[in-house]
file run34.cif (mmCIF, C-alpha atoms)
data_input
loop_
_atom_site.label_atom_id
_atom_site.label_comp_id
_atom_site.auth_asym_id
_atom_site.auth_seq_id
_atom_site.Cartn_x
_atom_site.Cartn_y
_atom_site.Cartn_z
CA MET A 1 -10.28 -44.96 39.50
CA LYS A 2 -9.70 -43.03 36.31
CA LYS A 3 -10.34 -39.33 36.72
CA LYS A 4 -11.84 -37.44 33.83
CA TYR A 5 -11.44 -33.72 33.14
CA LEU A 6 -13.42 -31.42 30.93
CA HIS A 7 -11.62 -28.99 28.62
CA ILE A 8 -13.49 -25.68 28.66
CA HIS A 9 -13.04 -22.09 27.57
CA ARG A 10 -13.79 -19.37 30.07
CA LEU A 11 -13.82 -15.59 29.84
CA ARG A 12 -11.80 -13.38 32.17
CA ARG A 13 -12.48 -9.65 32.53
CA VAL A 14 -9.49 -7.38 31.90
CA TYR A 15 -9.50 -3.62 32.50
CA VAL A 16 -8.01 -2.29 29.27
CA TRP A 17 -9.13 1.27 28.53
CA GLU A 18 -8.65 3.67 31.40
CA LEU A 19 -11.11 6.51 31.98
CA PRO A 20 -8.82 9.21 30.48
CA VAL A 21 -8.44 7.15 27.29
CA ARG A 22 -12.20 6.67 26.99
CA PHE A 23 -12.83 10.36 27.66
CA TYR A 24 -10.25 11.27 25.01
CA HIS A 25 -11.81 8.88 22.50
CA TRP A 26 -15.35 10.24 22.69
CA LEU A 27 -14.30 13.89 22.95
CA ASN A 28 -12.06 13.37 19.92
CA ALA A 29 -14.89 11.73 17.98
CA ALA A 30 -17.30 14.59 18.77
CA SER A 31 -14.80 17.29 17.83
CA ILE A 32 -13.86 15.55 14.55
CA ILE A 33 -17.53 15.28 13.54
CA ALA A 34 -18.07 18.97 14.33
CA LEU A 35 -14.92 19.93 12.41
CA ILE A 36 -15.88 17.91 9.33
CA ILE A 37 -19.43 19.29 9.14
CA THR A 38 -18.42 22.91 9.71
CA GLY A 39 -15.36 22.49 7.48
CA PHE A 40 -17.54 21.44 4.54
CA TYR A 41 -19.74 24.48 5.09
CA ILE A 42 -16.81 26.89 5.35
CA ALA A 43 -15.31 25.50 2.13
CA ASN A 44 -18.61 25.90 0.25
CA PRO A 45 -21.07 28.10 2.20
CA LEU A 46 -24.73 28.11 1.32
CA ALA A 47 -26.26 31.08 -0.45
CA LEU A 48 -28.96 31.96 2.09
CA VAL A 49 -31.56 34.42 0.77
CA SER A 50 -33.16 36.56 3.47
CA HIS A 51 -34.66 40.00 3.95
CA GLN A 52 -32.74 40.39 7.22
CA GLU A 53 -29.50 42.28 7.50
CA ALA A 54 -26.40 40.08 7.23
CA ALA A 55 -25.31 41.24 10.69
CA PHE A 56 -28.46 39.67 12.17
CA ARG A 57 -28.06 36.38 10.31
CA TYR A 58 -24.37 35.72 11.02
CA THR A 59 -24.73 32.09 9.88
CA THR A 60 -21.23 31.67 8.52
CA GLY A 61 -19.84 33.48 11.54
CA TRP A 62 -21.42 30.98 13.92
CA VAL A 63 -20.22 28.06 11.78
CA ARG A 64 -16.67 29.43 11.89
CA PHE A 65 -16.95 29.92 15.66
CA ILE A 66 -18.02 26.29 16.14
CA HIS A 67 -15.20 25.16 13.86
CA PHE A 68 -12.57 27.13 15.79
CA ALA A 69 -13.96 26.06 19.19
CA ALA A 70 -13.91 22.39 18.10
CA ALA A 71 -10.37 22.91 16.79
CA TYR A 72 -9.15 24.10 20.20
CA ILE A 73 -10.82 21.12 21.89
CA PHE A 74 -9.27 18.79 19.33
CA PHE A 75 -5.82 20.37 19.78
CA PHE A 76 -5.66 20.24 23.59
CA ASN A 77 -7.26 16.79 23.65
CA PHE A 78 -4.54 15.61 21.26
CA LEU A 79 -1.82 17.06 23.49
CA PHE A 80 -3.35 15.22 26.44
CA ARG A 81 -3.30 11.92 24.51
CA ILE A 82 0.39 12.41 23.72
CA TYR A 83 1.03 12.90 27.45
CA TRP A 84 -1.09 9.89 28.43
CA GLY A 85 0.91 7.69 26.06
CA PHE A 86 3.80 8.07 28.53
CA VAL A 87 1.95 7.78 31.86
CA GLY A 88 -1.02 5.49 31.05
CA ASN A 89 -1.20 1.73 31.34
CA LYS A 90 0.51 -0.61 28.87
CA TYR A 91 -2.50 -0.63 26.54
CA ALA A 92 -2.29 3.16 26.10
CA GLY A 93 1.51 3.36 25.81
CA TRP A 94 3.35 4.30 22.65
CA LYS A 95 4.76 0.77 22.30
CA GLN A 96 1.27 -0.23 21.17
CA PHE A 97 1.56 2.06 18.13
CA ILE A 98 5.19 2.16 17.04
CA PRO A 99 6.73 -1.01 15.51
CA THR A 100 9.84 -1.76 17.55
CA SER A 101 10.25 -5.53 17.23
CA LYS A 102 9.92 -8.47 14.84
CA ARG A 103 6.99 -9.71 16.91
CA PHE A 104 5.11 -6.52 16.05
CA PHE A 105 5.54 -7.13 12.29
CA ARG A 106 4.62 -10.84 12.60
CA GLU A 107 1.43 -9.95 14.43
CA MET A 108 0.65 -7.23 11.89
CA TRP A 109 1.04 -9.70 9.00
CA GLN A 110 -1.18 -12.23 10.78
CA VAL A 111 -3.93 -9.64 11.28
CA PHE A 112 -3.57 -8.50 7.66
CA LYS A 113 -4.02 -12.08 6.37
CA ILE A 114 -7.13 -12.76 8.47
CA ASP A 115 -8.92 -9.39 8.49
CA ILE A 116 -7.98 -7.98 5.08
CA LEU A 117 -7.20 -10.94 2.80
CA MET A 118 -9.74 -13.21 4.56
CA LEU A 119 -7.32 -16.14 4.50
CA LYS A 120 -7.62 -19.11 6.80
CA GLY A 121 -5.41 -19.21 9.85
CA LYS A 122 -5.26 -18.72 13.58
CA GLU A 123 -6.47 -15.25 14.44
CA TYR A 124 -4.31 -13.23 16.82
CA MET A 125 -6.42 -12.38 19.87
CA SER A 126 -4.95 -9.17 21.22
CA VAL A 127 -6.03 -7.59 24.49
CA GLY A 128 -5.54 -3.93 23.55
CA HIS A 129 -4.87 -2.80 19.99
CA ASN A 130 -3.56 -5.43 17.61
CA ALA A 131 -0.38 -4.50 15.74
CA MET A 132 -2.16 -3.51 12.53
CA ALA A 133 -4.59 -1.24 14.37
CA GLY A 134 -1.77 0.24 16.42
CA LEU A 135 0.23 1.19 13.32
CA ILE A 136 -2.85 2.73 11.67
CA TYR A 137 -3.53 4.75 14.83
CA PHE A 138 0.08 5.94 14.71
CA PHE A 139 -0.50 7.30 11.20
CA THR A 140 -3.72 8.82 12.50
CA PHE A 141 -1.78 10.68 15.19
CA ILE A 142 0.49 12.05 12.45
CA ALA A 143 -2.63 13.20 10.58
CA PHE A 144 -3.82 14.87 13.80
CA GLY A 145 -0.57 16.82 13.88
CA ILE A 146 -0.92 17.83 10.22
CA GLN A 147 -4.45 19.11 10.84
CA CYS A 148 -3.32 21.12 13.86
CA LEU A 149 -0.42 22.68 11.95
CA THR A 150 -2.36 23.53 8.81
CA GLY A 151 -5.52 24.58 10.65
CA PHE A 152 -3.82 26.97 13.04
CA GLY A 153 -1.55 28.09 10.22
CA LEU A 154 -4.60 29.25 8.28
CA TYR A 155 -6.22 30.73 11.37
CA SER A 156 -3.09 32.71 12.28
CA VAL A 157 -3.73 35.10 9.37
CA THR A 158 -6.83 36.57 11.05
CA SER A 159 -6.26 35.74 14.73
CA ARG A 160 -4.70 38.14 17.20
CA TRP A 161 -4.17 35.56 19.97
CA TRP A 162 -0.62 34.38 20.57
CA LEU A 163 -1.39 30.65 20.26
CA PRO A 164 -2.52 30.63 16.61
CA ARG A 165 0.18 33.16 15.81
CA LEU A 166 2.76 30.51 16.78
CA PHE A 167 1.80 28.69 13.57
CA ALA A 168 2.12 31.70 11.25
CA TRP A 169 5.18 30.10 9.64
CA VAL A 170 3.28 27.05 8.37
CA PRO A 171 1.75 28.51 5.15
CA SER A 172 5.10 29.88 4.00
CA VAL A 173 6.78 26.50 4.54
CA LEU A 174 4.02 24.64 2.67
CA GLY A 175 4.00 27.03 -0.29
CA GLY A 176 1.25 29.48 0.59
CA GLU A 177 -2.27 29.59 1.98
CA SER A 178 -3.80 27.81 -1.00
CA MET A 179 -1.60 24.72 -0.65
CA THR A 180 -2.02 24.76 3.13
CA ARG A 181 -5.79 24.77 2.67
CA GLN A 182 -5.58 21.88 0.20
CA ILE A 183 -3.51 19.78 2.60
CA HIS A 184 -5.98 20.59 5.38
CA HIS A 185 -8.84 19.48 3.11
CA TRP A 186 -7.17 16.26 1.93
CA THR A 187 -6.33 15.23 5.47
CA MET A 188 -9.99 15.67 6.39
CA TRP A 189 -10.87 12.98 3.81
CA PHE A 190 -8.34 10.68 5.49
CA PHE A 191 -10.34 11.06 8.71
CA ILE A 192 -13.62 10.32 6.93
CA LEU A 193 -12.17 7.14 5.42
CA PHE A 194 -10.64 6.16 8.76
CA VAL A 195 -13.94 6.59 10.63
CA VAL A 196 -15.81 4.37 8.16
CA ILE A 197 -13.22 1.57 8.38
CA HIS A 198 -12.83 1.97 12.15
CA VAL A 199 -16.57 1.63 12.85
CA TYR A 200 -16.84 -1.36 10.52
CA LEU A 201 -13.95 -3.21 12.17
CA VAL A 202 -15.27 -2.52 15.67
CA PHE A 203 -18.61 -4.10 14.77
CA TYR A 204 -16.83 -6.92 12.90
CA HIS A 205 -14.56 -7.90 15.77
CA ASP A 206 -17.32 -7.55 18.33
CA TYR A 207 -19.52 -9.90 16.31
CA ILE A 208 -16.78 -12.44 15.48
CA GLU A 209 -14.91 -12.50 18.80
CA GLY A 210 -17.67 -11.55 21.25
CA ARG A 211 -15.20 -10.05 23.74
CA GLY A 212 -16.86 -6.69 24.36
CA GLU A 213 -15.09 -4.66 21.69
CA MET A 214 -17.87 -2.08 21.52
CA SER A 215 -18.74 -1.86 25.21
CA SER A 216 -15.07 -1.63 26.22
CA MET A 217 -14.89 2.01 25.17
CA GLY A 218 -17.77 2.69 27.52
CA GLY A 219 -16.77 0.76 30.62
CA GLY A 220 -13.12 -0.03 29.89
CA TRP A 221 -13.41 -3.82 30.25
CA LYS A 222 -12.72 -6.55 27.70
CA PHE A 223 -13.15 -10.31 27.99
CA ILE A 224 -10.20 -12.63 27.39
CA GLU A 225 -10.82 -16.25 26.48
CA GLU A 226 -8.75 -18.71 28.50
CA GLU A 227 -8.45 -22.49 28.44
CA ALA A 228 -9.13 -24.40 31.62
CA PHE A 229 -9.51 -27.98 32.82
CA ILE A 230 -12.09 -28.88 35.46
CA LYS A 231 -12.80 -32.21 37.09
CA ASP A 232 -15.73 -34.14 35.70
CA HIS A 233 -18.05 -35.00 38.61
CA ASN A 234 -19.37 -37.97 36.67
CA ASP A 235 -16.12 -39.93 37.03
CA GLU A 236 -16.35 -43.52 35.96
CA LEU A 237 -14.67 -46.43 37.67
#

call {"tool": "encode", "arguments": {"input": "run34.cif", "output": "structure tokens"}}
result
Amino acid sequence: MKKKYLHIHRLRRVYVWELPVRFYHWLNAASIIALIITGFYIANPLALVSHQEAAFRYTTGWVRFIHFAAAYIFFFNFLFRIYWGFVGNKYAGWKQFIPTSKRFFREMWQVFKIDILMLKGKEYMSVGHNAMAGLIYFFTFIAFGIQCLTGFGLYSVTSRWWLPRLFAWVPSVLGGESMTRQIHHWTMWFFILFVVIHVYLVFYHDYIEGRGEMSSMGGGWKFIEEEAFIKDHNDEL
């Protein structure tokens, strides 16, 4: 009797994004959106005409308050993510973001050919971040640090609390408040560009791969495609 086997592909659930990582992601997204909107207003406030006293309107004051509150959330959330990069699972670790091997660069080139240049080839199916995404996120973390330094550096001029005052040296190092403000503004545009590309690629990979790219940041699970062989019950003699 000749046994026949069927070659199939099956999906296996893998727990990738832990709850702290998911909480960090959405809190970070909310704070960045709040910072961008209020930052645009602070840079170019509206000329609101009203018969009320300015003390009763306080529009710009509330916008600045929201901006500073979101900045503190952003700052401490960022510190937590740095910590979790050392104690989290392997998908959250810093090895996912910092190129430390030839394999990392080979994978990054493979992703670049398929996703950016749209060339034919075997796509690298990563479980967590692929190498290209990991390196971009690493640059994003550097941008987070720049925003914290420049933002608190500007805030230290008017704040009396000790935490912002720790960054009072930043404007003098960067050449004054004007240059510090420009760097803060330019880095904001980096975030805007990053968000647009990030959202596009999430939808793209979810549509092409169908492995739960979008839902994974809600529940933490992804689906990994595996090859398997099962016995055909319609064996022939």

call {"tool": "residues_around", "arguments": {"input": "run34.cif", "residues": "Ile192 of chain A", "least_positions_apart": "4", "cutoff": "10 Å", "atoms": "all atoms listed in the file", "output": "number ranges by chain"}}
result
A: 32-33, 36, 187-188, 196-198

call {"tool": "closest_residue", "arguments": {"input": "run34.cif", "among": "A:Trp221, A:Phe68, A:Phe74, A:Phe97", "to": "Tyr137 of chain A", "atoms": "all atoms listed in the file"}}
result
A:Phe97

call {"tool": "atom_distance", "arguments": {"input": "run34.cif", "atom1": "atom CA of Arg181 of chain A", "atom2": "atom CA of Tyr24 of chain A"}}
result
26.5 Å

call {"tool": "atom_distance", "arguments": {"input": "run34.cif", "atom1": "atom CA of Leu149 of chain A", "atom2": "atom CA of Ala69 of chain A"}}
result
15.7 Å

call {"tool": "closest_residue", "arguments": {"input": "run34.cif", "among": "A:Gly39, A:Leu79, A:Gly88, A:Trp162", "to": "Ile66 of chain A", "atoms": "all atoms listed in the file"}}
result
A:Gly39

call {"tool": "build_atoms", "arguments": {"input": "run34.cif", "residues": "segment 126-140 of chain A", "atoms": "N, CA and C atoms", "output": "PDB file, in the frame of the given file"}}
result
ATOM      1  N   SER A 126      -5.636 -10.171  20.417  1.00  0.00           N
ATOM      2  CA  SER A 126      -4.950  -9.170  21.220  1.00  0.00           C
ATOM      3  C   SER A 126      -5.869  -8.659  22.317  1.00  0.00           C
ATOM      4  N   VAL A 127      -5.256  -8.142  23.382  1.00  0.00           N
ATOM      5  CA  VAL A 127      -6.030  -7.590  24.490  1.00  0.00           C
ATOM      6  C   VAL A 127      -6.355  -6.120  24.203  1.00  0.00           C
ATOM      7  N   GLY A 128      -5.321  -5.322  23.913  1.00  0.00           N
ATOM      8  CA  GLY A 128      -5.540  -3.930  23.550  1.00  0.00           C
ATOM      9  C   GLY A 128      -5.682  -3.797  22.054  1.00  0.00           C
ATOM     10  N   HIS A 129      -4.901  -2.910  21.443  1.00  0.00           N
ATOM     11  CA  HIS A 129      -4.870  -2.800  19.990  1.00  0.00           C
ATOM     12  C   HIS A 129      -4.013  -3.912  19.414  1.00  0.00           C
ATOM     13  N   ASN A 130      -4.465  -4.534  18.312  1.00  0.00           N
ATOM     14  CA  ASN A 130      -3.560  -5.430  17.610  1.00  0.00           C
ATOM     15  C   ASN A 130      -2.540  -4.582  16.856  1.00  0.00           C
ATOM     16  N   ALA A 131      -1.493  -5.231  16.343  1.00  0.00           N
ATOM     17  CA  ALA A 131      -0.380  -4.500  15.740  1.00  0.00           C
ATOM     18  C   ALA A 131      -0.817  -3.681  14.532  1.00  0.00           C
ATOM     19  N   MET A 132      -1.695  -4.239  13.701  1.00  0.00           N
ATOM     20  CA  MET A 132      -2.160  -3.510  12.530  1.00  0.00           C
ATOM     21  C   MET A 132      -2.925  -2.257  12.924  1.00  0.00           C
ATOM     22  N   ALA A 133      -3.824  -2.400  13.890  1.00  0.00           N
ATOM     23  CA  ALA A 133      -4.590  -1.240  14.370  1.00  0.00           C
ATOM     24  C   ALA A 133      -3.672  -0.215  15.003  1.00  0.00           C
ATOM     25  N   GLY A 134      -2.692  -0.684  15.770  1.00  0.00           N
ATOM     26  CA  GLY A 134      -1.770   0.240  16.420  1.00  0.00           C
ATOM     27  C   GLY A 134      -0.998   1.080  15.423  1.00  0.00           C
ATOM     28  N   LEU A 135      -0.516   0.451  14.331  1.00  0.00           N
ATOM     29  CA  LEU A 135       0.230   1.190  13.320  1.00  0.00           C
ATOM     30  C   LEU A 135      -0.669   2.203  12.605  1.00  0.00           C
ATOM     31  N   ILE A 136      -1.914   1.811  12.319  1.00  0.00           N
ATOM     32  CA  ILE A 136      -2.850   2.730  11.670  1.00  0.00           C
ATOM     33  C   ILE A 136      -3.140   3.915  12.586  1.00  0.00           C
ATOM     34  N   TYR A 137      -3.303   3.650  13.879  1.00  0.00           N
ATOM     35  CA  TYR A 137      -3.530   4.750  14.830  1.00  0.00           C
ATOM     36  C   TYR A 137      -2.315   5.672  14.884  1.00  0.00           C
ATOM     37  N   PHE A 138      -1.118   5.112  14.720  1.00  0.00           N
ATOM     38  CA  PHE A 138       0.080   5.940  14.710  1.00  0.00           C
ATOM     39  C   PHE A 138       0.048   6.913  13.530  1.00  0.00           C
ATOM     40  N   PHE A 139      -0.350   6.418  12.353  1.00  0.00           N
ATOM     41  CA  PHE A 139      -0.500   7.300  11.200  1.00  0.00           C
ATOM     42  C   PHE A 139      -1.624   8.320  11.431  1.00  0.00           C
ATOM     43  N   THR A 140      -2.636   7.899  12.169  1.00  0.00           N
ATOM     44  CA  THR A 140      -3.720   8.820  12.500  1.00  0.00           C
ATOM     45  C   THR A 140      -3.226   9.950  13.384  1.00  0.00           C
TER      46      THR A 140
END
